[in-house]
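A short write-up of the structure that comes next.
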2 protein chains.
Amino acid sequence: MKRFVCLLLLFSLCVSAQDDTQTNDNPDAKMLRSIYDLSLTEGQCYENLNDLCCNIGGRLSGSKEAEMAVEWAKKKLEGFADTVFLQPVMVPHWVRGEAEEAEILFSDGSVVETHICALGFSIATPAEGLTAEVVEVFSLEEVAQLKPEEVEGKIVLFNRPMDPKHIDTFHAYSGCVDQRSSGASEAAPHGAAAVLVRSMNLRQDDLPHTGVQRYKDGVKKIPSAAISTNGASFLSEALKIDPKLKVRIKMNCQNFPDVLSYNVIADIKGSKYPDELLMVSGHLDSWDTGEGAHDDGAGTVHAMEVLRMMKVMKYEPEHTIRCVLYMNEENGPNGAIEYAKVTKELGWNHRMALESDRGGFSPRGFTFDGMDDVPDKMLATVSQWKGLFEPFHIHIFDKGFGGVDIGLMRDQGVPLIGFLPDPQRYFDYHHAPNDNMDAVNERELELGAAAIMSLVYLLDQHLEEEGR
Amino acid sequence: MKRFVCLLLLFSLCVSAQDDTQTNDNPDAKMLRSIYDLSLTEGQCYENLNDLCCNIGGRLSGSKEAEMAVEWAKKKLEGFADTVFLQPVMVPHWVRGEAEEAEILFSDGSVVETHICALGFSIATPAEGLTAEVVEVFSLEEVAQLKPEEVEGKIVLFNRPMDPKHIDTFHAYSGCVDQRSSGASEAAPHGAAAVLVRSMNLRQDDLPHTGVQRYKDGVKKIPSAAISTNGASFLSEALKIDPKLKVRIKMNCQNFPDVLSYNVIADIKGSKYPDELLMVSGHLDSWDTGEGAHDDGAGTVHAMEVLRMMKVMKYEPEHTIRCVLYMNEENGPNGAIEYAKVTKELGWNHRMALESDRGGFSPRGFTFDGMDDVPDKMLATVSQWKGLFEPFHIHIFDKGFGGVDIGLMRDQGVPLIGFLPDPQRYFDYHHAPNDNMDAVNERELELGAAAIMSLVYLLDQHLEEEGR
């Protein structure tokens with residue numbers, strides 16, 4: 001009986017909790033509630049992402065899959081946008097190839113396989129592979145400080161890990177990614193034969209994380225690959241015991257001439273300010289080793305969903321709402337360069353450009369970026385609406401990075417907004433073979449679309465009150 | 001060249017972002033930063049959870065695994081607490097058994113298997129199984145409104161889904177769980193042969209989610225099982241086409257006499273107020289179909305980690321810091337009843353009791369609970385520290401549920417605090433076979449331990465300033 005009373009007590013506690021699906025009579029609060037209700041009950045972003053990931057998959061610029069994704073997005077957007085058009089852009093065409101192998105060859109003859117993948121734009125190794133001793137460093141600067149005999153003919157292992165102390169994991173990424181983007185070009189002038197770069201991953205696992213690297217003009221091109229965090233840690237330990245060990249790597253990636261591709265652009269025309277754009281965006285291309293679910297399938301379907309929800313809700317925006325799905329963010333950003341160029345030429349007036357490119361995780365807020373005092377002004381406007389976002393667990397409104405693609409419009413004075421989901425898990429999947437549909441939670445993705453749509457709605461309704 | 005300039009620009013943007021591992025000179029801000037640094041670099045909660053989940057596994061009250069967990073926790077806590085003791089408590093001993101089967105038998109002779117699992121305390125079906133027609137309802141009330149011939153001898157399917165519109169998924173759970181806890185006892189008086197309850201899961205999948213159900217005194221006991229969300233939806237559709245279909249279920253669960261078990265209690269003695277307790281807790285028992293990773297392995301290792309980090313940091317608390325690992329939350333809560341009873345008898349003075357029992361996800365905040373104006377007072381105190389938590393992305397400080405176990409001390413006027421991680425994914429795993437170690441992200445778990453430790457530290461330092 002005592003047990004039964006306790007149980008009743010516990011249930012009454014649960015039931016007495018406020019019903020968080022209710023709202024007050026403020027018209028904006030009601031509209032946000034309607035947006036969230038729609039997204040959580042009849043949202044299509046998860047279904048769309050599943051379609052993109054499972055029926056097309058990874059879609060690196062220049063690939064057949066990237067072209068399929070362009071057609072797919074155009075067709076989907078035609079279902080609910082007023083106008084859809086393709087913006088031509090030339091994009092690189094780099095192909096990973098089949099063979100990606102690496103072995104650690106110990107002095108005693110024993111051999112341990114390890115997991116690598118070529119970095120974007122890397123050249124191939126010789127067909128039989130490349131075998132060399134390894135020198136471990138933790139920064140670009142350290143390579144320059146090595147004696148010639150310490151680096152000549154060797155594979156340089158860049159092994160500086162991401163710093164787990166950052167709460168915002170993107171800061172940890174920024175603190176390491178120079179090794180990946182510039183490692184080969186910094187090591188080559190010192191005679192390195194190739195580079196291995198510790199994957200940009202906060203976890204210890206066996207997945208190599210690819211990403212772009214660039215050869216500097218005039219510097220010898222050497223093969224450049226990512227090694228998994230487990231592989232990098234193992235190799236580091238192995239070198240302490242057996243400094244003369246060798247590593248054999250084999251990759252047959254190829255660079256081809258640039259090919260024609262497209263940004264996909266869709267508008268819902270504004271009733272009052274048709275020439276003024278509120279823009280939502282993501283990038284349609286992805287790396288090729290996974291399905292590009294979080295990077296940036298999530299941003300792609302977020303941006304599409306904003307337009308779709310407007311149509312479903314019969315919401316007639318005052319400003320033109322534009323969805324841009326950029327091509328070639330990953331090893332470009334040629335799509336973004338082209339879009340910014342055309343924007344300038346045609347005088348497209350962006351009152352705001354938002355990008356979703358931090359994954360499909362539970363939304364936390366938005367970061368505001370741009371030239372001079374542009375982000376401060378936008379932040380001041382948006383901060384008035386903090387209270388409207390609180391019931392939806394959206395709390396972060398700060399200055400910060402907007403997005404790689406929209407960043408190209410910074411010098412045109414466009415207010416840039418980055419959508420900020422919870423950043424803890426992003427680098428578990430970023431550019432890795434596990435960035436797949438099964439890593440995406442439907443509710444988290446839908447809440448993201450609702451958060452973005454809510455902000456676009458508030459800007460559409462109230463931006464003009466702030467003065468033109 | 002254009003491309004290279006862009007790249008430089010993008011990197012400078014990333015790098016210019018503020019270093020979020022730095023802090024100001026405020027001693028509390030510095031301490032919180034130290035706590036987070038420790039947890040994110042040398043935390044042991046993830047390793048401990050891995051040990052508990054993978055070497056012991058699911059640990060339902062009365063099981064061998066539950067007893068192993070008691071020994072495991074005691075031994076671990078002895079490594080860093082001043083005193084550790086076991087508090088005896090009698091707990092139920094219900095065993096699921098081996099056979100859990102269900103088939104949908106269509107009128108045309110075709111058969112479809114579906115996924116069920118027995119609910120806690122359920123009786124078995126006859127050894128050969130139980131076969132009956134099915135009537136679908138969406139609430140307890142609806143059963144009472146059925147005509148006798150509509151329910152007599154049938155299996156009642158309680159099929160009200162969780163409402164996805166709730167941002168806090170626990171509200172969606174509260175709105176449905178009466179079907180699971182009371183379905184059998186509501187249906188039995190109307191002649192039902194058994195009940196199937198739609199799993200408390202916001203996803204559509206094939207996993208049945210178990211949980212406790214209670215037989216009311218004097219009411220006939222009938223078998224009671226959870227059916228997966230996919231199974232429930234399929235069965236519902238099937239009934240529209242073939243209302244005379246039957247379902248066969250087979251379960252051989254058994255209720256045994258209560259057995260002796262223990263709450264595990266560990267203290268670090270306060271230097272200034274040794275008789276005043278700041279308590280952190282989780283529950284050590286779990287359901288048996290998974291490893292109990294999020295529910296409540298996470299809370300268990302959170303609470304343990306607070307004491308461990310204090311020792312590592314050589315922090316000498318002013319109040320006694322107590323870790324309570326409750327036994328038998330899931331089908332009890334006998335451990336909580338016993339702890340509250342002894343608290344009253346011995347006059348243990350809890351200045352605060354905190355429970356972590358909402359999983360190991362990215363922390364969002366804390367909810368404050370208790371008798372009369374107790375939560376308001378505690379909330380007012382803690383709200384002063386909101387700014388200290390902001391760098392760690394902790395924003396929610398609201399009145400709300402504290403926890404099932406600590407809730408038993410409500411009538412003694414204890415301020416109750418519930419740790420609140422992001423709630424979106426919790427019910428994907430809750431009481432299900434996938435509540436396993438691989439569903440836990442190390443950083444998310446560690447951030448939770450740091451958030452809880454930070455709040456305990458601030459209370460320890462400043463509670464007395466608020467007046468005694």
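So you can find residues: chains in the structure tokens are A, B, ... in the order shown, residues in each start at 1, and ligands are numbered from 1 in order.
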
Taking only C-alpha atoms into account, report as a PDB file with N, CA and C atoms, in the first residue's frame which residues of chain B lie within 6 Å of chain A.
ATOM      1  N   CYS B  14      37.891  31.547 -38.710  1.00  0.00           N
ATOM      2  CA  CYS B  14      37.841  30.490 -37.697  1.00  0.00           C
ATOM      3  C   CYS B  14      38.768  30.832 -36.525  1.00  0.00           C
ATOM      4  N   ASP B  20      37.539  29.612 -26.295  1.00  0.00           N
ATOM      5  CA  ASP B  20      36.554  29.354 -25.243  1.00  0.00           C
ATOM      6  C   ASP B  20      37.095  28.476 -24.112  1.00  0.00           C
ATOM      7  N   THR B  21      38.400  28.241 -24.092  1.00  0.00           N
ATOM      8  CA  THR B  21      38.952  27.551 -22.917  1.00  0.00           C
ATOM      9  C   THR B  21      39.493  28.557 -21.900  1.00  0.00           C
ATOM     10  N   ASP B  37      37.676  21.302 -17.339  1.00  0.00           N
ATOM     11  CA  ASP B  37      38.937  20.822 -17.929  1.00  0.00           C
ATOM     12  C   ASP B  37      39.259  19.413 -17.442  1.00  0.00           C
ATOM     13  N   LEU B  40      36.796  16.830 -18.956  1.00  0.00           N
ATOM     14  CA  LEU B  40      36.949  16.606 -20.396  1.00  0.00           C
ATOM     15  C   LEU B  40      38.303  15.996 -20.773  1.00  0.00           C
ATOM     16  N   PRO B 164       4.533  14.068 -30.237  1.00  0.00           N
ATOM     17  CA  PRO B 164       5.842  14.607 -30.642  1.00  0.00           C
ATOM     18  C   PRO B 164       5.949  16.127 -30.506  1.00  0.00           C
ATOM     19  N   LYS B 165       4.839  16.799 -30.259  1.00  0.00           N
ATOM     20  CA  LYS B 165       4.879  18.263 -30.207  1.00  0.00           C
ATOM     21  C   LYS B 165       5.561  18.800 -28.956  1.00  0.00           C
ATOM     22  N   HIS B 166       5.657  17.974 -27.928  1.00  0.00           N
ATOM     23  CA  HIS B 166       6.344  18.428 -26.720  1.00  0.00           C
ATOM     24  C   HIS B 166       7.825  18.636 -27.006  1.00  0.00           C
ATOM     25  N   SER B 174       4.885  11.481 -19.800  1.00  0.00           N
ATOM     26  CA  SER B 174       3.853  11.596 -18.762  1.00  0.00           C
ATOM     27  C   SER B 174       2.458  11.457 -19.354  1.00  0.00           C
TER      28      SER B 174
END

So which residues touch Gly183 (chain A) within 9 Å, counting only C-alpha atoms, skipping near sequence neighbours fewer than 3 positions away, as a VMD selection string?
chain A and resid 139 to 140 156 158 178 to 180 186 to 188 195 to 197 213 to 214 224

Please produce an output containing N, CA and C atoms for each residue in the selection, written as a CSV table (one decimal), in the first residue's frame.
chain,number,residue,atom,x,y,z
A,139,SER,N,53.0,20.2,-35.1
A,139,SER,CA,52.6,21.5,-35.7
A,139,SER,C,53.3,21.7,-37.0
A,140,LEU,N,52.8,22.7,-37.8
A,140,LEU,CA,53.5,23.0,-39.0
A,140,LEU,C,54.9,23.5,-38.8
A,156,VAL,N,55.8,12.4,-42.9
A,156,VAL,CA,55.6,13.2,-41.7
A,156,VAL,C,54.2,12.9,-41.2
A,158,PHE,N,51.6,14.3,-38.8
A,158,PHE,CA,51.1,15.5,-38.0
A,158,PHE,C,50.1,14.9,-37.0
A,178,ASP,N,44.9,23.3,-39.6
A,178,ASP,CA,46.0,23.7,-40.5
A,178,ASP,C,46.9,22.5,-40.8
A,179,GLN,N,47.0,21.5,-39.9
A,179,GLN,CA,47.8,20.3,-40.2
A,179,GLN,C,47.3,19.6,-41.5
A,180,ARG,N,45.9,19.6,-41.6
A,180,ARG,CA,45.3,18.9,-42.7
A,180,ARG,C,45.4,19.7,-44.0
A,186,GLU,N,53.7,22.2,-46.4
A,186,GLU,CA,54.8,22.7,-45.4
A,186,GLU,C,55.9,21.6,-45.3
A,187,ALA,N,55.5,20.4,-45.5
A,187,ALA,CA,56.5,19.3,-45.3
A,187,ALA,C,57.3,19.0,-46.6
A,188,ALA,N,56.7,19.2,-47.7
A,188,ALA,CA,57.4,18.9,-49.0
A,188,ALA,C,58.7,19.7,-49.2
A,195,VAL,N,52.6,12.8,-46.3
A,195,VAL,CA,52.2,13.2,-45.0
A,195,VAL,C,51.0,12.3,-44.6
A,196,LEU,N,50.9,12.0,-43.3
A,196,LEU,CA,49.7,11.4,-42.6
A,196,LEU,C,49.3,12.4,-41.6
A,197,VAL,N,48.0,12.7,-41.6
A,197,VAL,CA,47.4,13.7,-40.6
A,197,VAL,C,46.4,13.0,-39.7
A,213,GLN,N,42.8,19.5,-48.6
A,213,GLN,CA,44.2,20.0,-48.4
A,213,GLN,C,44.6,20.7,-49.7
A,214,ARG,N,45.5,21.6,-49.6
A,214,ARG,CA,45.9,22.4,-50.8
A,214,ARG,C,47.4,22.4,-51.0
A,224,SER,N,49.0,12.9,-49.5
A,224,SER,CA,48.6,13.4,-48.2
A,224,SER,C,47.3,12.6,-47.8

Once DSSP has gone over the backbone, tell me which residues of region 78-259 of chain A are in alpha helix (DSSP H), as number ranges by chain.
A: 78, 140-145, 148-151, 169-174, 178-187, 229-241

Pull C-alpha atoms from the residues just selected and write them as an mmCIF file, in the first residue's frame.
data_model
loop_
_atom_site.group_PDB
_atom_site.id
_atom_site.type_symbol
_atom_site.label_atom_id
_atom_site.label_comp_id
_atom_site.auth_asym_id
_atom_site.auth_seq_id
_atom_site.Cartn_x
_atom_site.Cartn_y
_atom_site.Cartn_z
ATOM 1 C CA GLU A 78 9.831 22.823 -57.721
ATOM 2 C CA LEU A 140 53.489 22.998 -39.039
ATOM 3 C CA GLU A 141 56.254 25.014 -37.394
ATOM 4 C CA GLU A 142 57.884 21.896 -36.004
ATOM 5 C CA VAL A 143 58.579 20.548 -39.500
ATOM 6 C CA ALA A 144 60.712 23.599 -40.303
ATOM 7 C CA GLN A 145 62.728 23.023 -37.158
ATOM 8 C CA PRO A 148 67.223 17.797 -42.992
ATOM 9 C CA GLU A 149 68.111 14.164 -42.207
ATOM 10 C CA GLU A 150 65.149 13.927 -39.825
ATOM 11 C CA VAL A 151 62.589 14.606 -42.545
ATOM 12 C CA THR A 169 34.111 21.742 -30.669
ATOM 13 C CA PHE A 170 34.511 23.973 -33.738
ATOM 14 C CA HIS A 171 37.180 25.864 -31.786
ATOM 15 C CA ALA A 172 39.023 22.588 -31.301
ATOM 16 C CA TYR A 173 38.745 21.988 -35.054
ATOM 17 C CA SER A 174 40.097 25.449 -35.904
ATOM 18 C CA ASP A 178 46.027 23.704 -40.457
ATOM 19 C CA GLN A 179 47.790 20.335 -40.243
ATOM 20 C CA ARG A 180 45.324 18.882 -42.726
ATOM 21 C CA SER A 181 44.967 21.840 -45.083
ATOM 22 C CA SER A 182 48.667 22.786 -45.280
ATOM 23 C CA GLY A 183 50.628 19.831 -43.913
ATOM 24 C CA ALA A 184 51.760 18.480 -47.295
ATOM 25 C CA SER A 185 52.863 21.864 -48.603
ATOM 26 C CA GLU A 186 54.760 22.662 -45.418
ATOM 27 C CA ALA A 187 56.505 19.287 -45.302
ATOM 28 C CA THR A 229 42.801 8.718 -34.267
ATOM 29 C CA ASN A 230 43.426 5.155 -33.106
ATOM 30 C CA GLY A 231 45.908 4.682 -35.925
ATOM 31 C CA ALA A 232 47.731 7.921 -35.150
ATOM 32 C CA SER A 233 47.949 7.122 -31.440
ATOM 33 C CA PHE A 234 49.157 3.594 -32.130
ATOM 34 C CA LEU A 235 51.746 4.785 -34.621
ATOM 35 C CA SER A 236 52.985 7.392 -32.158
ATOM 36 C CA GLU A 237 53.460 4.751 -29.457
ATOM 37 C CA ALA A 238 55.039 2.363 -31.919
ATOM 38 C CA LEU A 239 57.603 4.997 -32.945
ATOM 39 C CA LYS A 240 58.746 5.301 -29.339
ATOM 40 C CA ILE A 241 59.570 1.601 -29.285
#

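Considering only C-alpha atoms, the residue among B:Gly347, B:Pro317, B:Gly413, B:Pro421 positioned nearest to Gly365 (chain B) is B:Pro421.
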
Residues near Thr320 (chain B), anyone? I mean within 6 Å using only C-alpha atoms, not counting same-chain ones fewer than 4 positions away, as number ranges by chain.
B: 268-270, 274, 276-277

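Per DSSP on the backbone, strand (DSSP E or B) in region 132-161 of chain B comprises Ala132, Glu133, Val134, Val135, Glu136, Val137, Ile155, Val156, Leu157 and Phe158 of chain B.
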
Write out as a ChimeraX atom specification the residues lying within 7 Å of Trp287 (chain A), counting only C-alpha atoms and excluding same-chain residues fewer than 5 positions away.
/A:58-60,292,330,431

Hey, which of B:Glu133, B:Asp398, B:Asp51, B:Asp285 ends up closest to Ser63 (chain B)? Count only C-alpha atoms.
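Distance minimum relative to Ser63 (chain B) lands on B:Asp285.
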
Need the shell around region 67-70 of chain B: protein/DNA/RNA residues with any atom at most 9 Å away, counting only C-alpha atoms. Skip same-chain ones fewer than 2 positions apart. Format as an MDAnalysis selection string?
chainID B and resid 52 56:57 59 61:65 72:75 86 261:264 284:285 325 327

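Across A:Gln87, A:Gln204, A:Thr381, A:Asn50, the tightest approach to Tyr326 (chain A) is made by A:Gln87 when counting only C-alpha atoms.
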
Please identify all polymer residues within 8 Å of Trp94 (chain A), counting only C-alpha atoms, omitting same-chain residues fewer than 2 positions from it, and present them as a PDB file with N, CA and C atoms, in the first residue's frame.
ATOM      1  N   SER A  61      31.866  17.087 -55.285  1.00  0.00           N
ATOM      2  CA  SER A  61      31.833  17.918 -56.496  1.00  0.00           C
ATOM      3  C   SER A  61      32.432  17.166 -57.677  1.00  0.00           C
ATOM      4  N   GLY A  62      31.769  17.255 -58.798  1.00  0.00           N
ATOM      5  CA  GLY A  62      32.278  16.621 -60.011  1.00  0.00           C
ATOM      6  C   GLY A  62      31.836  15.192 -60.187  1.00  0.00           C
ATOM      7  N   PRO A  92      35.912  21.543 -59.161  1.00  0.00           N
ATOM      8  CA  PRO A  92      36.996  20.574 -59.325  1.00  0.00           C
ATOM      9  C   PRO A  92      36.450  19.155 -59.413  1.00  0.00           C
ATOM     10  N   ARG A  96      38.801   9.772 -55.607  1.00  0.00           N
ATOM     11  CA  ARG A  96      39.575   9.059 -54.585  1.00  0.00           C
ATOM     12  C   ARG A  96      40.241   7.796 -55.105  1.00  0.00           C
ATOM     13  N   GLY A 120      41.559  15.479 -49.814  1.00  0.00           N
ATOM     14  CA  GLY A 120      41.102  16.049 -51.079  1.00  0.00           C
ATOM     15  C   GLY A 120      42.217  16.718 -51.867  1.00  0.00           C
ATOM     16  N   PHE A 121      42.245  16.468 -53.160  1.00  0.00           N
ATOM     17  CA  PHE A 121      43.257  16.965 -54.113  1.00  0.00           C
ATOM     18  C   PHE A 121      44.601  16.254 -54.003  1.00  0.00           C
ATOM     19  N   CYS A 253      44.354   8.089 -56.061  1.00  0.00           N
ATOM     20  CA  CYS A 253      43.453   9.194 -56.362  1.00  0.00           C
ATOM     21  C   CYS A 253      43.953   9.967 -57.579  1.00  0.00           C
ATOM     22  N   GLN A 254      43.014  10.667 -58.218  1.00  0.00           N
ATOM     23  CA  GLN A 254      43.347  11.383 -59.457  1.00  0.00           C
ATOM     24  C   GLN A 254      42.645  12.732 -59.526  1.00  0.00           C
ATOM     25  N   ASN A 255      43.363  13.721 -60.057  1.00  0.00           N
ATOM     26  CA  ASN A 255      42.756  15.020 -60.333  1.00  0.00           C
ATOM     27  C   ASN A 255      42.416  15.114 -61.816  1.00  0.00           C
ATOM     28  N   PHE A 256      41.174  15.481 -62.106  1.00  0.00           N
ATOM     29  CA  PHE A 256      40.711  15.651 -63.492  1.00  0.00           C
ATOM     30  C   PHE A 256      40.391  17.130 -63.729  1.00  0.00           C
TER      31      PHE A 256
END
